[in-house]
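To start, the structure under review is shown below, and the notes come after it.
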Amino acid sequence: MNSKEKSDLFWKEYLKLHPEAGEIYDVWSFGDNPRLAYELLELVRQGVKTGTASSYDLYEMRGETVPFLGGYSVILDEKGDPKVIVVTTKLQILPFDEVGAEFAYTEGEDDRTLESWRHEHELYFTREWNAINKPFNPKMKVVCENFKVVYMKS
């Protein structure tokens, strides 16, 4: 069974318990490598990580839907297996250099300070933008998404 089939089954399990959730959901993993996918998912599972940031412009370039309030996401582990379902509870789109300390703390990473958030996310966004031959820009729009876990499997 591939990741999509597993995610569909996982979502159907959730819908049996919560049919009001509807059919709209997204499937993704954290980061851009298996180590980050694992580490960040573990922070979610521990209740430490309740926020995530992504590049707004890349959604448009890839033809993907930007997260939205009340939207559900199935989060995959480093192997592509579904482990958690979250619902988006807060959303802001801000320039990278205007993301604040409160949001950085909700990401739950490193020492949870704005300084470490900016450092690590500049590295991450630089990798993403370099992959399409574009430079990182501190004025780039960032989707700052907060979520709560609504379903989890071990």
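Letters A, B, ... mark the chains of the structure tokens in the order given; residue numbers begin at 1 per chain; ligand numbers begin at 1, in order shown.
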
Give me the residues within 10 Å of region 6-21 of chain A as an NGL selection string, counting only C-alpha atoms and dropping any in the same chain fewer than 3 places off.
:A and (1-3 or 24-28 or 70-76 or 80-85 or 87 or 150-153)

Write the residues you've just listed into a file as a compact mmCIF listing (two decimals), in the first residue's frame, and include C-alpha atoms for each of them.
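As a result, result-v4.txt now contains:
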# COMPACT_ATOMS: atom_id res chain seq x y z
CA MET A 1 0.00 0.00 0.00
CA ASN A 2 1.45 3.39 -0.96
CA SER A 3 1.37 6.62 1.11
CA ILE A 24 -11.24 18.38 2.58
CA TYR A 25 -7.74 17.52 3.74
CA ASP A 26 -4.10 17.74 2.76
CA VAL A 27 -1.27 15.22 3.21
CA TRP A 28 2.33 16.22 3.96
CA GLY A 70 -10.52 24.70 9.81
CA GLY A 71 -8.58 22.72 7.19
CA TYR A 72 -7.44 19.23 8.09
CA SER A 73 -4.02 17.76 7.33
CA VAL A 74 -2.71 14.23 7.57
CA ILE A 75 0.92 14.38 8.66
CA LEU A 76 3.25 11.63 7.50
CA GLY A 80 5.54 8.27 4.39
CA ASP A 81 3.14 6.62 6.84
CA PRO A 82 0.24 8.70 8.26
CA LYS A 83 0.56 9.29 12.00
CA VAL A 84 -1.36 12.44 12.96
CA ILE A 85 -4.32 14.51 11.79
CA VAL A 87 -6.79 21.01 12.09
CA VAL A 150 -7.33 15.82 16.50
CA TYR A 151 -6.24 12.23 15.81
CA MET A 152 -3.05 10.30 16.45
CA LYS A 153 -1.80 6.77 15.97

Exercise: Arg127 (chain A) partners within 12 Å, only C-alpha atoms, chain neighbours under 5 positions left out, as a PDB file with N, CA, C and O atoms, in the first residue's frame:
ATOM      1  N   GLY A  31       9.416  19.394   6.961  1.00  0.00           N
ATOM      2  CA  GLY A  31      10.780  19.541   6.490  1.00  0.00           C
ATOM      3  C   GLY A  31      11.002  19.090   5.071  1.00  0.00           C
ATOM      4  O   GLY A  31      10.071  18.895   4.298  1.00  0.00           O
ATOM      5  N   ASP A  32      12.262  18.904   4.760  1.00  0.00           N
ATOM      6  CA  ASP A  32      12.659  18.524   3.397  1.00  0.00           C
ATOM      7  C   ASP A  32      13.571  17.297   3.392  1.00  0.00           C
ATOM      8  O   ASP A  32      14.269  17.047   2.426  1.00  0.00           O
ATOM      9  N   ASN A  33      13.547  16.550   4.512  1.00  0.00           N
ATOM     10  CA  ASN A  33      14.340  15.329   4.579  1.00  0.00           C
ATOM     11  C   ASN A  33      13.778  14.429   5.678  1.00  0.00           C
ATOM     12  O   ASN A  33      13.022  14.896   6.546  1.00  0.00           O
ATOM     13  N   SER A  55       6.412  28.596   2.757  1.00  0.00           N
ATOM     14  CA  SER A  55       6.562  29.696   1.811  1.00  0.00           C
ATOM     15  C   SER A  55       5.276  29.892   1.016  1.00  0.00           C
ATOM     16  O   SER A  55       4.858  29.012   0.274  1.00  0.00           O
ATOM     17  N   GLU A 120      17.222  29.000  11.527  1.00  0.00           N
ATOM     18  CA  GLU A 120      16.897  27.687  10.940  1.00  0.00           C
ATOM     19  C   GLU A 120      15.956  27.798   9.747  1.00  0.00           C
ATOM     20  O   GLU A 120      16.105  27.069   8.759  1.00  0.00           O
ATOM     21  N   HIS A 121      14.998  28.702   9.820  1.00  0.00           N
ATOM     22  CA  HIS A 121      14.054  28.828   8.706  1.00  0.00           C
ATOM     23  C   HIS A 121      14.666  29.543   7.507  1.00  0.00           C
ATOM     24  O   HIS A 121      14.292  29.255   6.373  1.00  0.00           O
ATOM     25  N   GLU A 122      15.606  30.426   7.744  1.00  0.00           N
ATOM     26  CA  GLU A 122      16.313  31.009   6.597  1.00  0.00           C
ATOM     27  C   GLU A 122      17.087  29.915   5.861  1.00  0.00           C
ATOM     28  O   GLU A 122      17.080  29.866   4.627  1.00  0.00           O
ATOM     29  N   ILE A 132      14.710  25.932  -6.986  1.00  0.00           N
ATOM     30  CA  ILE A 132      14.073  26.486  -8.198  1.00  0.00           C
ATOM     31  C   ILE A 132      14.864  27.698  -8.717  1.00  0.00           C
ATOM     32  O   ILE A 132      14.335  28.553  -9.417  1.00  0.00           O
ATOM     33  N   ASN A 133      16.143  27.736  -8.324  1.00  0.00           N
ATOM     34  CA  ASN A 133      17.074  28.772  -8.796  1.00  0.00           C
ATOM     35  C   ASN A 133      16.634  30.195  -8.471  1.00  0.00           C
ATOM     36  O   ASN A 133      16.760  31.100  -9.289  1.00  0.00           O
ATOM     37  N   LYS A 134      16.112  30.365  -7.271  1.00  0.00           N
ATOM     38  CA  LYS A 134      15.710  31.700  -6.800  1.00  0.00           C
ATOM     39  C   LYS A 134      16.391  31.939  -5.460  1.00  0.00           C
ATOM     40  O   LYS A 134      16.590  31.015  -4.677  1.00  0.00           O
ATOM     41  N   PRO A 135      16.729  33.200  -5.167  1.00  0.00           N
ATOM     42  CA  PRO A 135      17.379  33.499  -3.887  1.00  0.00           C
ATOM     43  C   PRO A 135      16.365  33.651  -2.749  1.00  0.00           C
ATOM     44  O   PRO A 135      15.205  33.997  -2.975  1.00  0.00           O
ATOM     45  N   PHE A 136      16.817  33.389  -1.536  1.00  0.00           N
ATOM     46  CA  PHE A 136      16.016  33.677  -0.348  1.00  0.00           C
ATOM     47  C   PHE A 136      15.822  35.182  -0.248  1.00  0.00           C
ATOM     48  O   PHE A 136      16.723  35.956  -0.539  1.00  0.00           O
TER      49      PHE A 136
END

I need the residues of chain A that end up classed as strand (DSSP E or B) by DSSP on the backbone, written out as a ChimeraX atom specification.
/A:25-28,51-55,72-76,82-95,141-152

Within region 55-117 of chain A, find each residue whose DSSP state, derived from the backbone, is helix (DSSP H, G or I), and express the selection as a count of residues only.
21

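Distances here use only C-alpha atoms; by that measure, the residue among A:Ser29, A:Asn130, A:Thr52, A:Ser116 closest to Val143 (chain A) is A:Thr52.
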
Applying 10 Å and only C-alpha atoms, which residues near Gly100 (chain A) remain after dropping the ones on its own chain fewer than 3 positions away? List them as a list in words.
Leu94, Phe96, Asp97, Phe103, Ala104, Tyr105, Thr113, Leu114, Glu115, Trp117, Arg118 and Cys144 of chain A

If I take CA of Glu145 (chain A) and CA of Leu69 (chain A), how far is one from the other in Å, to one decimal?
8.8 Å

Across A:Glu23, A:Glu5, A:Glu107, A:Glu102, the smallest distance to Phe147 (chain A), with only C-alpha atoms counted, is shown by A:Glu107

Per residue of region 69-101 of chain A within 12 Å of region 48-51 of chain A, which atom pair is closest and at what distance in Å (one decimal), using only C-alpha atoms, listed by chain and increasing number, as a tab-separated table?
residue	atom	partner	partner_atom	distance
A:Val86	CA	A:Thr50	CA	9.3
A:Val87	CA	A:Thr50	CA	10.3
A:Thr88	CA	A:Gly51	CA	9.1
A:Thr89	CA	A:Gly51	CA	9.6
A:Lys90	CA	A:Gly51	CA	9.0
A:Leu91	CA	A:Gly51	CA	9.5
A:Gln92	CA	A:Gly51	CA	11.1

Restricted to N, CA, C and O atoms, what would the selected residues look like written as a PDB file, in the first residue's frame?
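Contents of the output file part19.pdb:
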ATOM      1  N   VAL A  86      -4.209  16.912  11.994  1.00  0.00           N
ATOM      2  CA  VAL A  86      -4.316  18.201  12.674  1.00  0.00           C
ATOM      3  C   VAL A  86      -5.361  19.042  11.958  1.00  0.00           C
ATOM      4  O   VAL A  86      -5.666  18.811  10.785  1.00  0.00           O
ATOM      5  N   VAL A  87      -5.890  20.027  12.679  1.00  0.00           N
ATOM      6  CA  VAL A  87      -6.793  21.007  12.087  1.00  0.00           C
ATOM      7  C   VAL A  87      -6.163  22.382  12.307  1.00  0.00           C
ATOM      8  O   VAL A  87      -5.615  22.669  13.382  1.00  0.00           O
ATOM      9  N   THR A  88      -6.214  23.214  11.288  1.00  0.00           N
ATOM     10  CA  THR A  88      -5.635  24.559  11.364  1.00  0.00           C
ATOM     11  C   THR A  88      -6.536  25.449  12.215  1.00  0.00           C
ATOM     12  O   THR A  88      -7.731  25.574  11.950  1.00  0.00           O
ATOM     13  N   THR A  89      -5.928  26.067  13.245  1.00  0.00           N
ATOM     14  CA  THR A  89      -6.685  26.892  14.184  1.00  0.00           C
ATOM     15  C   THR A  89      -6.381  28.379  14.064  1.00  0.00           C
ATOM     16  O   THR A  89      -7.160  29.216  14.536  1.00  0.00           O
ATOM     17  N   LYS A  90      -5.252  28.719  13.472  1.00  0.00           N
ATOM     18  CA  LYS A  90      -4.865  30.128  13.306  1.00  0.00           C
ATOM     19  C   LYS A  90      -3.967  30.217  12.082  1.00  0.00           C
ATOM     20  O   LYS A  90      -3.159  29.311  11.844  1.00  0.00           O
ATOM     21  N   LEU A  91      -4.092  31.305  11.360  1.00  0.00           N
ATOM     22  CA  LEU A  91      -3.312  31.459  10.131  1.00  0.00           C
ATOM     23  C   LEU A  91      -2.967  32.925   9.923  1.00  0.00           C
ATOM     24  O   LEU A  91      -3.836  33.797  10.042  1.00  0.00           O
ATOM     25  N   GLN A  92      -1.706  33.179   9.649  1.00  0.00           N
ATOM     26  CA  GLN A  92      -1.245  34.521   9.302  1.00  0.00           C
ATOM     27  C   GLN A  92      -0.296  34.399   8.128  1.00  0.00           C
ATOM     28  O   GLN A  92       0.478  33.440   8.055  1.00  0.00           O
TER      29      GLN A  92
END

When you look at Tyr56 (chain A) with a cut-off of 12 Å (counting only C-alpha atoms), what residues show up, excluding the ones that are within fewer than 4 positions of it in the same chain? I need them as a ChimeraX atom specification.
/A:60-67,91-96,125,128-129,139-145
